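With mmCIF, C-alpha atoms inside, this is start-v1.cif:
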```
data_upload
loop_
_atom_site.label_atom_id
_atom_site.label_comp_id
_atom_site.auth_asym_id
_atom_site.auth_seq_id
_atom_site.Cartn_x
_atom_site.Cartn_y
_atom_site.Cartn_z
CA MET A 1 -33.68 215.19 -19.58
CA LYS A 2 -30.89 213.14 -18.03
CA LYS A 3 -33.13 210.06 -17.90
CA VAL A 4 -33.99 210.51 -21.59
CA LEU A 5 -30.29 210.68 -22.55
CA ILE A 6 -29.50 207.52 -20.59
CA ALA A 7 -32.38 205.71 -22.28
CA LEU A 8 -31.12 206.81 -25.71
CA MET A 9 -27.61 205.57 -24.87
CA PHE A 10 -28.91 202.08 -24.11
CA LEU A 11 -31.29 201.93 -27.09
CA PRO A 12 -28.65 200.75 -29.61
CA LEU A 13 -27.61 197.99 -27.22
CA ILE A 14 -31.19 196.83 -26.90
CA ILE A 15 -31.66 196.84 -30.65
CA CYS A 16 -28.41 194.93 -31.21
CA GLY A 17 -29.29 192.43 -28.52
CA CYS A 18 -32.61 191.65 -30.19
CA GLY A 19 -30.82 190.72 -33.39
CA ASN A 20 -28.32 188.37 -31.78
CA HIS A 21 -30.57 185.31 -31.59
CA ASP A 22 -28.79 182.08 -32.45
CA TYR A 23 -31.87 180.36 -33.84
CA VAL A 24 -29.97 177.13 -34.48
CA LYS A 25 -28.71 176.70 -30.90
CA GLU A 26 -32.13 177.66 -29.55
CA ASN A 27 -33.81 174.98 -31.68
CA MET A 28 -31.50 171.97 -31.41
CA SER A 29 -33.76 168.93 -31.18
CA GLU A 30 -30.77 166.61 -30.88
CA ILE A 31 -27.12 167.29 -30.20
CA THR A 32 -24.37 164.76 -29.52
CA ASP A 33 -21.79 165.74 -26.91
CA LEU A 34 -19.94 162.44 -26.36
CA TYR A 35 -19.36 159.36 -28.51
CA PHE A 36 -18.14 156.01 -27.17
CA VAL A 37 -17.20 152.91 -29.22
CA GLY A 38 -16.15 149.33 -28.58
CA ASP A 39 -15.80 145.99 -30.39
CA LYS A 40 -15.43 142.30 -29.65
CA ASP A 41 -15.01 139.33 -32.03
CA GLY A 42 -16.62 141.10 -34.96
CA ASP A 43 -19.39 142.71 -32.93
CA TYR A 44 -19.23 146.47 -32.46
CA ALA A 45 -21.15 149.06 -30.53
CA SER A 46 -21.45 152.79 -30.00
CA ILE A 47 -23.05 155.08 -27.43
CA SER A 48 -24.11 158.58 -28.50
CA VAL A 49 -24.61 160.92 -25.55
CA GLY A 50 -26.29 164.32 -25.49
CA LYS A 51 -29.64 166.10 -25.43
CA ARG A 52 -32.76 165.44 -27.48
CA GLU A 53 -36.30 166.69 -27.62
CA GLU A 54 -39.14 164.93 -25.86
CA PRO A 55 -41.29 163.83 -27.60
CA TYR A 56 -38.81 163.03 -30.37
CA VAL A 57 -40.65 164.02 -33.56
CA LYS A 58 -39.04 165.45 -36.71
CA ASP A 59 -41.67 168.04 -37.56
CA GLY A 60 -39.78 171.34 -37.60
CA TYR A 61 -40.71 172.18 -34.00
CA SER A 62 -38.14 171.90 -31.20
CA GLN A 63 -39.78 170.79 -27.95
CA ASN A 64 -38.55 170.28 -24.38
CA LYS A 65 -35.18 168.54 -24.03
CA CYS A 66 -33.99 165.53 -22.06
CA ASP A 67 -30.72 163.61 -21.64
CA PHE A 68 -30.08 160.61 -23.87
CA ALA A 69 -27.41 157.94 -24.24
CA LEU A 70 -28.28 155.84 -27.28
CA LEU A 71 -26.61 152.43 -27.32
CA CYS A 72 -26.29 150.76 -30.74
CA LEU A 73 -25.01 147.19 -31.12
CA ASN A 74 -24.21 145.48 -34.41
CA ILE A 75 -23.65 141.72 -34.27
CA SER A 76 -21.58 139.84 -36.85
CA THR A 77 -23.65 136.64 -36.64
CA GLN A 78 -27.29 136.33 -37.69
CA TYR A 79 -29.73 136.99 -34.89
CA GLU A 80 -33.41 136.30 -35.49
CA ASN A 81 -34.58 137.66 -32.14
CA MET A 82 -35.99 141.16 -32.19
CA ARG A 83 -34.83 141.70 -28.59
CA LEU A 84 -31.57 141.02 -26.82
CA SER A 85 -31.01 140.90 -23.06
CA ALA A 86 -27.81 142.56 -21.88
CA VAL A 87 -26.11 144.19 -18.92
CA ILE A 88 -24.65 147.69 -19.19
CA LYS A 89 -22.03 148.56 -16.58
CA ILE A 90 -21.48 152.26 -15.84
CA ASN A 91 -18.47 152.56 -13.55
CA GLU A 92 -19.52 150.21 -10.72
CA GLU A 93 -23.26 150.23 -11.48
CA LYS A 94 -24.84 147.36 -13.40
CA HIS A 95 -28.18 147.67 -15.18
CA ASN A 96 -30.19 144.97 -16.93
CA ILE A 97 -31.47 146.23 -20.27
CA LEU A 98 -33.43 144.87 -23.23
CA LEU A 99 -32.20 146.04 -26.63
CA GLU A 100 -34.60 146.13 -29.57
CA MET A 101 -33.77 145.50 -33.22
CA VAL A 102 -34.23 148.58 -35.39
CA GLY A 103 -33.10 148.38 -39.02
CA GLY A 104 -30.60 145.59 -38.34
CA THR A 105 -29.12 147.23 -35.25
CA TYR A 106 -29.92 146.54 -31.61
CA MET A 107 -30.72 149.79 -29.79
CA PHE A 108 -31.46 151.02 -26.29
CA ASP A 109 -31.68 154.54 -24.87
CA LEU A 110 -30.24 154.72 -21.36
CA GLU A 111 -32.06 158.06 -20.95
CA ARG A 112 -29.36 159.53 -18.77
CA LYS A 113 -26.33 161.78 -18.87
CA LEU A 114 -22.92 160.11 -19.12
CA ASN A 115 -19.56 161.73 -18.48
CA ALA A 116 -16.43 161.66 -20.62
CA GLU A 117 -14.51 159.78 -17.91
CA ASP A 118 -17.14 157.08 -17.29
CA LYS A 119 -16.01 153.46 -17.62
CA LEU A 120 -18.57 151.59 -19.71
CA SER A 121 -19.02 147.96 -20.74
CA LEU A 122 -21.80 145.89 -22.31
CA SER A 123 -22.27 142.17 -21.59
CA TYR A 124 -24.56 139.85 -23.59
CA GLY A 125 -24.37 136.12 -24.15
CA ASP A 126 -20.73 135.15 -23.58
CA LYS A 127 -19.31 138.50 -24.78
CA THR A 128 -18.34 141.74 -23.09
CA ILE A 129 -17.58 144.93 -25.01
CA GLU A 130 -15.45 147.60 -23.34
CA PHE A 131 -16.05 151.18 -24.53
CA THR A 132 -13.60 154.01 -25.12
CA ASN A 133 -14.38 157.69 -25.56
CA LYS A 134 -13.78 158.02 -29.30
CA GLY A 135 -14.90 161.64 -29.26
CA LYS A 136 -11.64 162.59 -27.55
CA GLU A 137 -9.88 161.81 -30.83
CA PHE A 138 -12.09 164.03 -33.00
CA GLY A 139 -10.27 166.88 -34.69
CA ILE A 140 -13.64 168.65 -34.95
CA ASP A 141 -15.44 168.92 -31.63
CA GLN A 142 -19.16 169.48 -31.13
CA GLU A 143 -18.94 173.28 -31.06
CA LYS A 144 -16.84 173.45 -34.24
CA ALA A 145 -19.10 170.89 -35.92
CA LEU A 146 -22.11 173.05 -35.20
CA GLU A 147 -20.42 176.09 -36.74
CA ILE A 148 -19.49 174.12 -39.88
CA GLY A 149 -23.06 172.88 -40.26
CA LYS A 150 -24.48 176.37 -39.81
CA GLU A 151 -22.07 177.80 -42.38
CA GLN A 152 -22.81 175.15 -44.99
CA LEU A 153 -26.60 175.51 -44.63
CA LYS A 154 -26.67 179.24 -43.89
CA SER A 155 -28.92 180.13 -46.84
CA GLN A 156 -31.49 177.50 -45.82
CA ILE A 157 -31.27 178.61 -42.18
CA LYS A 158 -31.82 182.21 -43.23
CA GLY A 159 -34.87 181.16 -45.22
CA TYR A 160 -36.50 179.79 -42.06
CA SER A 161 -35.61 182.83 -39.92
CA LYS A 162 -38.72 184.96 -40.33
CA GLY A 163 -39.03 186.69 -36.99
CA ARG A 164 -39.33 183.22 -35.50
CA PHE A 165 -37.39 180.16 -36.53
CA GLU A 166 -39.61 177.78 -38.50
CA ALA A 167 -37.34 174.75 -38.29
CA GLU A 168 -35.40 172.49 -35.93
CA CYS A 169 -31.81 171.17 -36.06
CA TYR A 170 -29.91 167.98 -35.28
CA LEU A 171 -26.19 167.25 -34.81
CA ARG A 172 -25.31 163.56 -34.74
CA VAL A 173 -22.32 161.28 -35.27
CA LEU A 174 -22.61 158.74 -38.09
CA GLY A 175 -20.45 155.60 -37.97
CA LYS A 176 -19.52 153.30 -40.80
CA GLU A 177 -20.47 149.73 -39.91
CA THR A 178 -16.99 148.25 -39.45
CA LYS A 179 -15.46 147.03 -36.21
CA GLU A 180 -12.44 149.29 -36.71
CA PHE A 181 -14.56 152.44 -36.35
CA ASN A 182 -12.10 154.25 -38.62
CA GLU A 183 -14.66 156.29 -40.52
CA LEU A 184 -16.90 158.55 -38.49
CA PHE A 185 -18.77 161.63 -39.66
CA TRP A 186 -20.69 164.55 -38.21
CA CYS A 187 -24.17 165.04 -39.65
CA PHE A 188 -25.90 168.41 -39.25
CA THR A 189 -29.57 168.29 -40.22
CA LEU A 190 -32.12 171.05 -40.72
CA VAL A 191 -35.82 170.09 -40.70
CA GLY A 192 -38.32 172.74 -41.73
CA ARG A 193 -41.96 173.00 -40.81
CA ASP A 194 -42.59 172.74 -44.54
CA GLU A 195 -41.31 169.12 -44.27
CA LYS A 196 -38.11 169.88 -46.19
CA VAL A 197 -34.93 168.26 -44.86
CA TYR A 198 -31.33 169.40 -45.46
CA ASN A 199 -28.19 167.50 -44.44
CA CYS A 200 -24.51 168.32 -44.24
CA ILE A 201 -22.13 165.40 -43.60
CA PHE A 202 -18.46 166.02 -42.87
CA SER A 203 -15.38 164.39 -41.39
CA VAL A 204 -14.88 164.34 -37.62
CA SER A 205 -11.13 164.55 -38.29
CA ASP A 206 -10.74 167.72 -40.35
CA GLY A 207 -14.25 168.92 -41.29
CA THR A 208 -13.97 167.89 -44.95
CA ILE A 209 -17.46 168.06 -46.47
CA ILE A 210 -18.61 164.60 -47.59
CA ALA A 211 -22.14 165.36 -48.74
CA LEU A 212 -24.66 168.19 -48.95
CA SER A 213 -28.28 167.42 -49.65
#
```
What does the file become when written as structure tokens?
Amino acid sequence: MKKVLIALMFLPLIICGCGNHDYVKENMSEITDLYFVGDKDGDYASISVGKREEPYVKDGYSQNKCDFALLCLNISTQYENMRLSAVIKINEEKHNILLEMVGGTYMFDLERKLNAEDKLSLSYGDKTIEFTNKGKEFGIDQEKALEIGKEQLKSQIKGYSKGRFEAECYLRVLGKETKEFNELFWCFTLVGRDEKVYNCIFSVSDGTIIALS
């Protein structure tokens, strides 16, 4: 009888625990933790650091995760080459990389974890860009950004929560293409297995909603 009573005492806890799934956090296919920026003579660059799924496919399924550090470089002059040789310096380590043009921006994934205190620079041609951790200045950090995104798309999230979560989520930083880097936004994205996509874009400074779609 005593064993039965103990089991009954723990039953509510078990039931409550089963309903505490954070489907969004469990199905983040991309999340940005750090964001570095730098500029030089009209050229500007950013490095988004975090975790992403592998393989990276927006299909509503969240797969295994890996570290990423996506370098994006925008050049003020016209470049016809689809690839650009450069050297990325991480603290005292130098790495030769080959950036590829994607939609007018040179990109390269370092495929590694970077730290907030890392000293980063990018050299190409006769220019060197020094990076600063812009994320330190955000009024809305990654955790708060995730909560804002979840709140704004809560009805859509609920619609995909049917015993199992039939969607995947992304949290990225969007940057306006100016060397001043004075307009940055969080973008929370929900991708369903039904191929529907929902976005919430808001300020990194105060969380002001810019767009819902």
Once the PyMOL selection byres ((chain A and resi 65-72) around 9) has been applied to the shown file, what residues remain in the selection, as a PyMOL selection string? chain A and resi 28-30+34+44-55+62-64+73-74+99+105-114
Using the chain letters and numbers from the file, which residues does the PyMOL selection byres ((chain A and resi 199) around 6) grab, as a PDB file with C-alpha atoms, in the frame of the given file?
```
ATOM      1  CA  PHE A 188     -25.900 168.410 -39.250  1.00  0.00           C
ATOM      2  CA  THR A 189     -29.570 168.290 -40.220  1.00  0.00           C
ATOM      3  CA  TYR A 198     -31.330 169.400 -45.460  1.00  0.00           C
ATOM      4  CA  CYS A 200     -24.510 168.320 -44.240  1.00  0.00           C
ATOM      5  CA  LEU A 212     -24.660 168.190 -48.950  1.00  0.00           C
ATOM      6  CA  SER A 213     -28.280 167.420 -49.650  1.00  0.00           C
TER       7      SER A 213
END
```
List every residue of region 189-210 of chain A that has an atom at most 10 Å from any atom of region 136-154 of chain A, giving for each one its closest atom pair and the distance in Å to one decimal, counting all atoms listed in the file, sorted by chain and then by ascending residue number, as a Markdown table.
```
| residue | atom | partner | partner_atom | distance |
| --- | --- | --- | --- | --- |
| A:Thr189 | CA | A:Gly149 | CA | 8.0 |
| A:Leu190 | CA | A:Leu153 | CA | 8.1 |
| A:Tyr198 | CA | A:Leu153 | CA | 7.8 |
| A:Asn199 | CA | A:Leu153 | CA | 8.2 |
| A:Cys200 | CA | A:Gly149 | CA | 6.2 |
| A:Ile201 | CA | A:Gly149 | CA | 8.2 |
| A:Phe202 | CA | A:Ala145 | CA | 8.5 |
| A:Ser203 | CA | A:Ile140 | CA | 7.9 |
| A:Val204 | CA | A:Ile140 | CA | 5.2 |
| A:Ser205 | CA | A:Gly139 | CA | 4.4 |
| A:Asp206 | CA | A:Gly139 | CA | 5.7 |
| A:Gly207 | CA | A:Ile140 | CA | 6.4 |
| A:Thr208 | CA | A:Ile148 | CA | 9.7 |
| A:Ile209 | CA | A:Gln152 | CA | 9.0 |
```
I'd like the neighbourhood of Tyr124 (chain A) as a PyMOL selection string, where a residue qualifies if any of its atoms comes within 10 Å (using only C-alpha atoms), though same-chain residues fewer than 6 positions away should be ignored. chain A and resi 84-88+97
Figure out the distance between CA of Val173 (chain A) and CA of Cys187 (chain A), please, to one decimal in Å.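 Result for CA of Cys187 (chain A) versus CA of Val173 (chain A): 6.1 Å, one decimal.
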As an exercise, work out the distance from CA of Ala116 (chain A) to CA of Asn96 (chain A) in Å and give it to one decimal place.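 Straight-line distance from CA of Ala116 (chain A) to CA of Asn96 (chain A) works out to 21.9 Å.
Here the question is which of A:Arg83, A:His95, A:Lys119, A:Arg193 gets nearest to Glu166 (chain A) using only C-alpha atoms, and that residue is A:Arg193.
CA of Cys169 (chain A) lies 6.4 Å from CA of Val24 (chain A).
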Would you mind putting back N, CA, C and O atoms on region 73-85 of chain A, then writing it out as a CSV table (one decimal), in the frame of the given file?
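Generated output (result-v5.csv):
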```csv
chain,number,residue,atom,x,y,z
A,73,LEU,N,-25.8,148.4,-31.1
A,73,LEU,CA,-25.0,147.2,-31.1
A,73,LEU,C,-25.2,146.5,-32.4
A,73,LEU,O,-26.4,146.1,-32.8
A,74,ASN,N,-24.2,146.2,-33.2
A,74,ASN,CA,-24.2,145.5,-34.4
A,74,ASN,C,-23.5,144.2,-34.2
A,74,ASN,O,-22.3,144.1,-33.8
A,75,ILE,N,-24.2,143.1,-34.5
A,75,ILE,CA,-23.6,141.7,-34.3
A,75,ILE,C,-23.3,141.1,-35.6
A,75,ILE,O,-24.0,141.1,-36.6
A,76,SER,N,-22.1,140.4,-35.6
A,76,SER,CA,-21.6,139.8,-36.8
A,76,SER,C,-22.3,138.6,-37.3
A,76,SER,O,-22.4,138.3,-38.5
A,77,THR,N,-22.9,137.8,-36.3
A,77,THR,CA,-23.6,136.6,-36.6
A,77,THR,C,-25.1,137.0,-36.8
A,77,THR,O,-25.6,138.0,-36.4
A,78,GLN,N,-25.9,136.1,-37.5
A,78,GLN,CA,-27.3,136.3,-37.7
A,78,GLN,C,-28.1,136.1,-36.4
A,78,GLN,O,-28.0,135.0,-35.8
A,79,TYR,N,-28.8,137.1,-36.0
A,79,TYR,CA,-29.7,137.0,-34.9
A,79,TYR,C,-31.2,137.2,-35.4
A,79,TYR,O,-31.5,138.1,-36.1
A,80,GLU,N,-32.0,136.2,-35.1
A,80,GLU,CA,-33.4,136.3,-35.5
A,80,GLU,C,-34.3,137.0,-34.4
A,80,GLU,O,-35.4,137.5,-34.7
A,81,ASN,N,-33.8,137.0,-33.2
A,81,ASN,CA,-34.6,137.7,-32.1
A,81,ASN,C,-34.6,139.2,-32.3
A,81,ASN,O,-33.6,139.8,-32.6
A,82,MET,N,-35.8,139.7,-32.1
A,82,MET,CA,-36.0,141.2,-32.2
A,82,MET,C,-35.5,141.9,-30.9
A,82,MET,O,-35.4,143.1,-30.9
A,83,ARG,N,-35.3,141.1,-29.8
A,83,ARG,CA,-34.8,141.7,-28.6
A,83,ARG,C,-33.6,140.9,-28.1
A,83,ARG,O,-33.5,139.7,-28.3
A,84,LEU,N,-32.8,141.6,-27.3
A,84,LEU,CA,-31.6,141.0,-26.8
A,84,LEU,C,-31.3,141.5,-25.4
A,84,LEU,O,-31.2,142.7,-25.1
A,85,SER,N,-31.3,140.6,-24.5
A,85,SER,CA,-31.0,140.9,-23.1
A,85,SER,C,-29.5,141.2,-22.9
A,85,SER,O,-28.7,140.5,-23.4
```
